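Structure first, commentary second.
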Amino acid sequence: MADPIITIRGLTNRFGKTVVHQGLDLDVMRGEVLGVVGASGSGKSVLLRTIVGLQQPAEGSIDVLGTDVLTADPANLRIVQNRWGVMFQGGALFSSLTVRENVAAPMRERLGIDAKTRTALADLRIAMVGLPASAGDLSPSDLSGGMRKRAGLARALSLDPEILFLDEPTAGLDPIGASEFDDLITALQKALGLTVFLVTHDLDTLHATCDRIAVLAEKKVLVTGTMAEMLRVDQPWVHAYFHGPRAHAAQPAAGAN
């Protein structure tokens, strides 16, 4: 097993009197695609946002690439942040910028490279995610839902990250579009050697892309393992999720083991 690239220990998140996570532990291994699932309200996206610094936890430690991101000084934190990319649900693109400007925005903010180089690198990222070159001149409002997601992915790849965080990447896509996006994630992960932290509710995406799965329940990571291992867990929610009527994608994995 590879070494952990993300180590979370004793994480607690509260919103007022509501406790979302309590004493949560999780390791993400270098080079894997980890799918994070759980019931609505289990805090999947909250966990992602906490790791990347958008949510301050009440307790715990989060080590990313050897740095505790909760206690690091601003200079060291910025170094680590430059080594990850985040794709939020819906893409979260700046509506006033073109796709190319959106993709180049992290470079402009963090790298200090000249405009010509930024444009060339942005166009490369746009091509990497399967968008036509002409998409670079379009506004986000001119794009279809699937194209907006690909543009958001291109921006997440802007700084050539080692870790890619994806929040519900296939939500809102039709089955064909979702399958194509799954294939894109897999191809990019293999080509670039990425570690991928993927929040999803989509069993097809779990089956198509993930090496391991982490299940959030009871305010913690209840269990981690492969798809085949998930099928043998007898906890009620886990069993219902992986054996329910939408669990057809898991069946080939079960048969192979």
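Each chain of the structure tokens is named A, B, ... in the order shown, its residues numbered from 1; ligands are numbered from 1 in display order.
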inquiry  = Set the distance at 9 Å and use only C-alpha atoms: which residues neighbour Thr200 (chain A) once local chain neighbours fewer than 3 positions away are removed? I'd like the list as a PyMOL selection string.
reply    = chain A and resi 35-38+44+166-171+203+205-206
Practice item. From a DSSP pass on the backbone, collect the residues of region 22-120 of chain A flagged as strand (DSSP E or B) and hand them back as JSON, numbers by chain. Key: {"A": [22, 23, 24, 25, 26, 27, 28, 29, 33, 34, 35, 36, 37, 38, 59, 60, 61, 62, 63, 64, 67, 68, 84, 85, 86, 87]}
Can you list every residue of region 38-67 of chain A that has an atom at most 9 Å from region 75-94 of chain A, with its nearest atom pair and the distance in Å to one decimal, using only C-alpha atoms, ordered by chain then number, as CSV?
residue,atom,partner,partner_atom,distance
A:Val52,CA,A:Gln81,CA,7.6
A:Val64,CA,A:Val80,CA,7.4
A:Leu65,CA,A:Val80,CA,7.1
A:Gly66,CA,A:Val80,CA,8.9
A:Thr67,CA,A:Val80,CA,7.4
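For the set A:Leu153, A:Val19, A:Leu164, A:Ala122, the residue with the smallest atom-to-atom gap to Lys219 (chain A) is A:Val19, counting only C-alpha atoms.
Separating CA of Gly172 (chain A) from CA of Leu131 (chain A) is a distance of 18.4 Å.
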Could you name the residues that touch Gly146 (chain A) at 9 Å or less, counting only C-alpha atoms, but leaving out those on the same chain fewer than 6 positions away, as a PDB file with C-alpha atoms, in the first residue's frame?
ATOM      1  CA  THR A 170     -21.288  13.791 -12.496  1.00  0.00           C
ATOM      2  CA  GLY A 172     -26.814  16.646 -13.265  1.00  0.00           C
ATOM      3  CA  LEU A 173     -25.322  14.812 -16.240  1.00  0.00           C
ATOM      4  CA  ASP A 174     -27.256  12.327 -18.316  1.00  0.00           C
ATOM      5  CA  GLY A 177     -22.354  12.331 -20.216  1.00  0.00           C
ATOM      6  CA  ALA A 178     -21.685  10.907 -16.759  1.00  0.00           C
ATOM      7  CA  PHE A 181     -16.823  12.144 -17.485  1.00  0.00           C
TER       8      PHE A 181
END
Which residues in region 2-251 of chain A does DSSP call alpha helix (DSSP H)? List them as number ranges by chain.
A: 44-51, 74-81, 99-110, 115-128, 145-156, 175-192, 203-209, 227-230, 236-243, 251
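Our summary of the geometry notes that CA of Gly53 (chain A) is positioned 12.3 Å from CA of Phe165 (chain A).
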- Contacts of Leu47 (chain A) at 10 Å or less, counting only C-alpha atoms, minus same-chain residues fewer than 3 places along, as a ChimeraX atom specification? /A:11-13,20-21,24,36,42-44,50-55,57,199,216
Restricting it to C-alpha atoms, dump the selection as a JSON list (two decimals), in the first residue's frame.
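As written to disk, again_16.json reads:
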[["chain", "number", "residue", "atom", "x", "y", "z"],
["A", 11, "LEU", "CA", -11.84, 15.70, 13.05],
["A", 12, "THR", "CA", -14.94, 17.35, 14.51],
["A", 13, "ASN", "CA", -17.19, 19.77, 12.60],
["A", 20, "VAL", "CA", -21.63, 16.75, 11.51],
["A", 21, "HIS", "CA", -18.33, 14.95, 12.17],
["A", 24, "LEU", "CA", -13.37, 11.37, 12.16],
["A", 36, "VAL", "CA", -16.51, 9.36, -0.48],
["A", 42, "SER", "CA", -23.46, 13.01, 6.48],
["A", 43, "GLY", "CA", -21.03, 15.80, 5.64],
["A", 44, "LYS", "CA", -19.34, 14.59, 2.46],
["A", 50, "THR", "CA", -12.56, 21.29, 5.52],
["A", 51, "ILE", "CA", -9.53, 19.64, 3.92],
["A", 52, "VAL", "CA", -9.09, 22.49, 1.42],
["A", 53, "GLY", "CA", -9.50, 25.19, 4.07],
["A", 54, "LEU", "CA", -12.99, 26.50, 3.38],
["A", 55, "GLN", "CA", -14.43, 25.15, 6.64],
["A", 57, "PRO", "CA", -13.17, 22.42, 12.16],
["A", 199, "VAL", "CA", -17.33, 13.02, -3.34],
["A", 216, "LEU", "CA", -19.48, 8.51, 6.06]]
Compile the contact shell of Gly10 (chain A) as a PDB file with C-alpha atoms, in the first residue's frame: residues with an atom at most 7 Å away, counting only C-alpha atoms, same-chain residues fewer than 3 positions apart removed.
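The result, stored in selection-v6.pdb:
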ATOM      1  CA  GLY A  23     -13.611  12.110  15.892  1.00  0.00           C
ATOM      2  CA  LEU A  24     -13.366  11.368  12.160  1.00  0.00           C
ATOM      3  CA  ASP A  25     -10.210   9.577  10.957  1.00  0.00           C
ATOM      4  CA  GLU A  59     -11.105  19.865  16.559  1.00  0.00           C
ATOM      5  CA  GLY A  60      -8.653  17.577  14.801  1.00  0.00           C
ATOM      6  CA  SER A  61      -5.668  17.587  12.494  1.00  0.00           C
TER       7      SER A  61
END
Exercise. Find the distance between CA of Met29 (chain A) and CA of Ala214 (chain A) and write it in Å to one decimal.
Key: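 Atom-to-atom, CA of Met29 (chain A) to CA of Ala214 (chain A), that is 12.1 Å.
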message: I'd like to know which of A:Pro4, A:Gly152, A:Gly31, A:Gly112 is closest to Val129 (chain A), using only C-alpha atoms.
response: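 So, comparing all the options, the nearest one is A:Gly152.
Shortest atom-to-atom contact with Ser95 (chain A) among A:Leu138, A:Ile8, A:Ala191, A:Leu157: A:Leu138, counting only C-alpha atoms.
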Shortest contact to Leu188 (chain A), candidates A:Thr7, A:Thr71, A:Thr209, A:Ser134, atoms counted only C-alpha atoms, goes to A:Thr209
Given the choices A:Asp211, A:Glu218, A:Glu32, A:Asp123, which gets closest to Met230 (chain A) if the distance is worked out from only C-alpha atoms?
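Under the stated criterion, the closest residue is A:Asp211.
In this comparison, which uses only C-alpha atoms, the residue of A:Thr18, A:Thr119, A:Ser40, A:Gln189 approaching Val215 (chain A) most closely is A:Ser40.
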